Amino acid sequence: MKHSRQQAFSSEENKVIIDFHEKHWKTLSSKFTNMITKNPKDDLYDQLLTIVNSMSSTSRTMTAIKDKWQNLQRNVKAKAVQFLASQRKERQKTGGGTPNIAIHTDVESILSDEERRIYHLIPPESMSGMCCYGEWTMW
């Protein structure tokens with residue numbers, strides 16, 4: 001049986017997903033411990049699923065919402081890492097003269113408002129492999 005593709009997430013759905021992760025970041029991003037188990041996370045994702053499905057004509061699954069959040073993070077991380085790599089490459093060029101550093105000196109200057117919010121939720125270690133690349137409000 002052929003799997004049909006669902007409609008793309010709307011900007012409103014994306015905003016709700018980002019807002020929800022910002023609000024519940026501590027619980028959703030924490031590792032499982034004696035204090036944080038799978039149940040509180042599942043309860044939160046059930047709430048998010050209800051919110052997203054109530055605002056859309058497309059019925060979303062829990063997996064689709066989690067995948068969307070992972071993709072949003074992955075895209076922002078890729079954009080930030082590419083920017084940082086290009087800045088580093090530009091600084092390491094030789095040949096004399098003034099360096100031709102791009103107008104943007106900060107990663108956040110190339111990100112949209114939504115991307116910036118996601119960027120602040122990504123742990124610094126996952127951006128560079130070591131702490132800390134710039135200022136982080138959540139860590």
# chains A, B, ... in the order shown; residues from 1 in each chain; ligands from 1
call {"tool": "closest_atom_pairs", "arguments": {"of": "stretch 67-126 of chain A", "to": "stretch 26-32 of chain A", "cutoff": "12 Å", "atoms": "only C-alpha atoms", "output": "JSON lines"}}
result
{"residue": "A:Trp69", "atom": "CA", "partner": "A:Leu28", "partner_atom": "CA", "distance": 11.4}
{"residue": "A:Gln70", "atom": "CA", "partner": "A:Ser29", "partner_atom": "CA", "distance": 11.8}
{"residue": "A:Leu121", "atom": "CA", "partner": "A:Ser29", "partner_atom": "CA", "distance": 9.1}
{"residue": "A:Ile122", "atom": "CA", "partner": "A:Ser29", "partner_atom": "CA", "distance": 9.6}
{"residue": "A:Pro123", "atom": "CA", "partner": "A:Ser29", "partner_atom": "CA", "distance": 9.7}
call {"tool": "residues_around", "arguments": {"residues": "A:Ser10", "least_positions_apart": "4", "cutoff": "10 Å", "atoms": "only C-alpha atoms", "output": "PyMOL selection string"}}
result
chain A and resi 14-16+55-56
call {"tool": "write_last_selection", "arguments": {"atoms": "C-alpha atoms", "output": "PDB file, in the first residue's frame"}}
result
ATOM      1  CA  ASN A  14       5.301  25.672  13.495  1.00  0.00           C
ATOM      2  CA  LYS A  15       4.806  28.623  15.851  1.00  0.00           C
ATOM      3  CA  VAL A  16       2.737  26.506  18.249  1.00  0.00           C
ATOM      4  CA  MET A  55      -5.938  24.235  14.687  1.00  0.00           C
ATOM      5  CA  SER A  56      -5.415  22.244  11.501  1.00  0.00           C
TER       6      SER A  56
END
call {"tool": "atom_distance", "arguments": {"atom1": "atom CA of A:Ile65", "atom2": "atom CA of A:Ile110"}}
result
25.7 Å
call {"tool": "closest_residue", "arguments": {"among": "A:Asn75, A:Gln92, A:Ser4, A:Gln87", "to": "A:Leu111", "atoms": "only C-alpha atoms"}}
result
A:Asn75
call {"tool": "select_by_dssp", "arguments": {"residues": "stretch 38-101 of chain A", "states": "alpha helix (DSSP H)", "output": "VMD selection string"}}
result
chain A and resid 38 to 54 62 to 91
call {"tool": "write_last_selection", "arguments": {"atoms": "C-alpha atoms", "output": "short mmCIF file (atom, residue, chain, number, x, y, z; two decimals), in the first residue's frame"}}
result
data_model
loop_
_atom_site.label_atom_id
_atom_site.label_comp_id
_atom_site.auth_asym_id
_atom_site.auth_seq_id
_atom_site.Cartn_x
_atom_site.Cartn_y
_atom_site.Cartn_z
CA LYS A 38 8.66 9.00 30.01
CA ASN A 39 5.16 9.75 31.34
CA PRO A 40 5.50 13.53 31.87
CA LYS A 41 7.05 13.88 28.42
CA ASP A 42 4.30 11.81 26.82
CA ASP A 43 1.65 13.86 28.64
CA LEU A 44 3.18 17.07 27.31
CA TYR A 45 3.38 15.70 23.78
CA ASP A 46 -0.26 14.59 24.04
CA GLN A 47 -1.15 18.19 24.94
CA LEU A 48 0.85 19.48 21.98
CA LEU A 49 -0.78 16.95 19.66
CA THR A 50 -4.23 18.10 20.78
CA ILE A 51 -3.34 21.77 20.26
CA VAL A 52 -1.86 21.22 16.80
CA ASN A 53 -4.74 19.00 15.65
CA SER A 54 -7.33 21.49 16.90
CA MET A 62 2.78 12.28 17.56
CA THR A 63 5.60 10.99 15.36
CA ALA A 64 4.97 13.69 12.75
CA ILE A 65 5.13 16.44 15.39
CA LYS A 66 8.30 15.06 16.97
CA ASP A 67 9.87 14.69 13.52
CA LYS A 68 8.91 18.26 12.66
CA TRP A 69 10.59 19.54 15.83
CA GLN A 70 13.74 17.52 15.04
CA ASN A 71 13.78 18.90 11.49
CA LEU A 72 13.34 22.48 12.71
CA GLN A 73 16.30 22.05 15.07
CA ARG A 74 18.38 20.29 12.42
CA ASN A 75 17.81 23.06 9.87
CA VAL A 76 18.73 25.84 12.31
CA LYS A 77 21.79 23.96 13.49
CA ALA A 78 22.95 23.36 9.90
CA LYS A 79 22.50 27.02 9.03
CA ALA A 80 24.40 28.15 12.14
CA VAL A 81 27.24 25.67 11.70
CA GLN A 82 27.61 26.61 8.03
CA PHE A 83 27.78 30.29 8.97
CA LEU A 84 30.36 29.67 11.71
CA ALA A 85 32.45 27.53 9.35
CA SER A 86 32.41 30.20 6.64
CA GLN A 87 33.43 32.85 9.20
CA ARG A 88 36.29 30.66 10.45
CA LYS A 89 37.41 29.92 6.89
CA GLU A 90 37.36 33.61 6.00
CA ARG A 91 39.45 34.53 9.06
#
call {"tool": "residues_around", "arguments": {"residues": "A:Gln7", "least_positions_apart": "2", "cutoff": "8 Å", "atoms": "only C-alpha atoms", "output": "list in words"}}
result
Arg5, Phe9 and Thr58 of chain A
call {"tool": "decode", "arguments": {"residues": "stretch 52-64 of chain A", "atoms": "all heavy atoms", "output": "mmCIF file, in the first residue's frame"}}
result
data_model
loop_
_atom_site.group_PDB
_atom_site.id
_atom_site.type_symbol
_atom_site.label_atom_id
_atom_site.label_comp_id
_atom_site.auth_asym_id
_atom_site.auth_seq_id
_atom_site.Cartn_x
_atom_site.Cartn_y
_atom_site.Cartn_z
ATOM 1 N N VAL A 52 -2.160 21.147 18.238
ATOM 2 C CA VAL A 52 -1.862 21.218 16.800
ATOM 3 C C VAL A 52 -3.034 20.686 15.982
ATOM 4 O O VAL A 52 -3.427 21.292 14.986
ATOM 5 C CB VAL A 52 -0.550 20.464 16.468
ATOM 6 C CG1 VAL A 52 -0.360 20.330 14.974
ATOM 7 C CG2 VAL A 52 0.639 21.179 17.090
ATOM 8 N N ASN A 53 -3.617 19.573 16.402
ATOM 9 C CA ASN A 53 -4.739 18.999 15.649
ATOM 10 C C ASN A 53 -5.995 19.849 15.729
ATOM 11 O O ASN A 53 -6.817 19.825 14.819
ATOM 12 C CB ASN A 53 -5.031 17.567 16.111
ATOM 13 C CG ASN A 53 -4.053 16.574 15.526
ATOM 14 O OD1 ASN A 53 -3.491 16.792 14.461
ATOM 15 N ND2 ASN A 53 -3.841 15.491 16.230
ATOM 16 N N SER A 54 -6.147 20.632 16.785
ATOM 17 C CA SER A 54 -7.327 21.485 16.903
ATOM 18 C C SER A 54 -7.261 22.697 15.971
ATOM 19 O O SER A 54 -8.287 23.294 15.651
ATOM 20 C CB SER A 54 -7.504 21.961 18.344
ATOM 21 O OG SER A 54 -6.495 22.880 18.689
ATOM 22 N N MET A 55 -6.075 23.038 15.524
ATOM 23 C CA MET A 55 -5.938 24.235 14.687
ATOM 24 C C MET A 55 -5.728 23.909 13.209
ATOM 25 O O MET A 55 -5.575 24.809 12.396
ATOM 26 C CB MET A 55 -4.789 25.100 15.195
ATOM 27 C CG MET A 55 -3.443 24.450 15.113
ATOM 28 S SD MET A 55 -2.130 25.441 15.826
ATOM 29 C CE MET A 55 -2.237 26.924 14.891
ATOM 30 N N SER A 56 -5.717 22.630 12.871
ATOM 31 C CA SER A 56 -5.415 22.244 11.501
ATOM 32 C C SER A 56 -6.471 21.294 10.965
ATOM 33 O O SER A 56 -7.061 20.517 11.707
ATOM 34 C CB SER A 56 -4.042 21.555 11.477
ATOM 35 O OG SER A 56 -3.777 21.032 10.211
ATOM 36 N N SER A 57 -6.678 21.352 9.679
ATOM 37 C CA SER A 57 -7.595 20.402 9.046
ATOM 38 C C SER A 57 -6.909 19.063 8.806
ATOM 39 O O SER A 57 -7.558 18.057 8.590
ATOM 40 C CB SER A 57 -8.101 20.975 7.720
ATOM 41 O OG SER A 57 -7.018 21.202 6.850
ATOM 42 N N THR A 58 -5.575 19.058 8.877
ATOM 43 C CA THR A 58 -4.801 17.835 8.721
ATOM 44 C C THR A 58 -4.584 17.209 10.096
ATOM 45 O O THR A 58 -4.133 17.875 11.014
ATOM 46 C CB THR A 58 -3.426 18.149 8.091
ATOM 47 O OG1 THR A 58 -3.632 18.812 6.856
ATOM 48 C CG2 THR A 58 -2.627 16.884 7.868
ATOM 49 N N SER A 59 -4.894 15.953 10.215
ATOM 50 C CA SER A 59 -4.694 15.252 11.474
ATOM 51 C C SER A 59 -3.232 14.816 11.567
ATOM 52 O O SER A 59 -2.753 14.050 10.732
ATOM 53 C CB SER A 59 -5.614 14.034 11.548
ATOM 54 O OG SER A 59 -5.417 13.367 12.757
ATOM 55 N N ARG A 60 -2.533 15.326 12.560
ATOM 56 C CA ARG A 60 -1.115 15.016 12.751
ATOM 57 C C ARG A 60 -0.954 13.874 13.745
ATOM 58 O O ARG A 60 -1.794 13.679 14.618
ATOM 59 C CB ARG A 60 -0.374 16.240 13.307
ATOM 60 C CG ARG A 60 -0.535 17.493 12.477
ATOM 61 C CD ARG A 60 0.190 17.399 11.178
ATOM 62 N NE ARG A 60 0.065 18.661 10.441
ATOM 63 C CZ ARG A 60 0.449 18.815 9.215
ATOM 64 N NH1 ARG A 60 0.983 17.813 8.548
ATOM 65 N NH2 ARG A 60 0.307 19.967 8.609
ATOM 66 N N THR A 61 0.132 13.157 13.616
ATOM 67 C CA THR A 61 0.457 12.104 14.578
ATOM 68 C C THR A 61 1.546 12.621 15.507
ATOM 69 O O THR A 61 2.229 13.604 15.204
ATOM 70 C CB THR A 61 0.964 10.836 13.867
ATOM 71 O OG1 THR A 61 2.194 11.155 13.192
ATOM 72 C CG2 THR A 61 -0.059 10.298 12.888
ATOM 73 N N MET A 62 1.725 11.924 16.612
ATOM 74 C CA MET A 62 2.780 12.276 17.556
ATOM 75 C C MET A 62 4.140 12.197 16.870
ATOM 76 O O MET A 62 4.978 13.081 17.035
ATOM 77 C CB MET A 62 2.736 11.319 18.746
ATOM 78 C CG MET A 62 3.733 11.619 19.815
ATOM 79 S SD MET A 62 3.208 12.969 20.839
ATOM 80 C CE MET A 62 1.804 12.221 21.630
ATOM 81 N N THR A 63 4.340 11.166 16.074
ATOM 82 C CA THR A 63 5.603 10.995 15.361
ATOM 83 C C THR A 63 5.857 12.147 14.402
ATOM 84 O O THR A 63 6.979 12.644 14.311
ATOM 85 C CB THR A 63 5.606 9.655 14.592
ATOM 86 O OG1 THR A 63 5.347 8.602 15.516
ATOM 87 C CG2 THR A 63 6.919 9.417 13.889
ATOM 88 N N ALA A 64 4.822 12.584 13.705
ATOM 89 C CA ALA A 64 4.974 13.693 12.750
ATOM 90 C C ALA A 64 5.380 14.980 13.468
ATOM 91 O O ALA A 64 6.235 15.731 12.979
ATOM 92 C CB ALA A 64 3.677 13.904 11.982
#
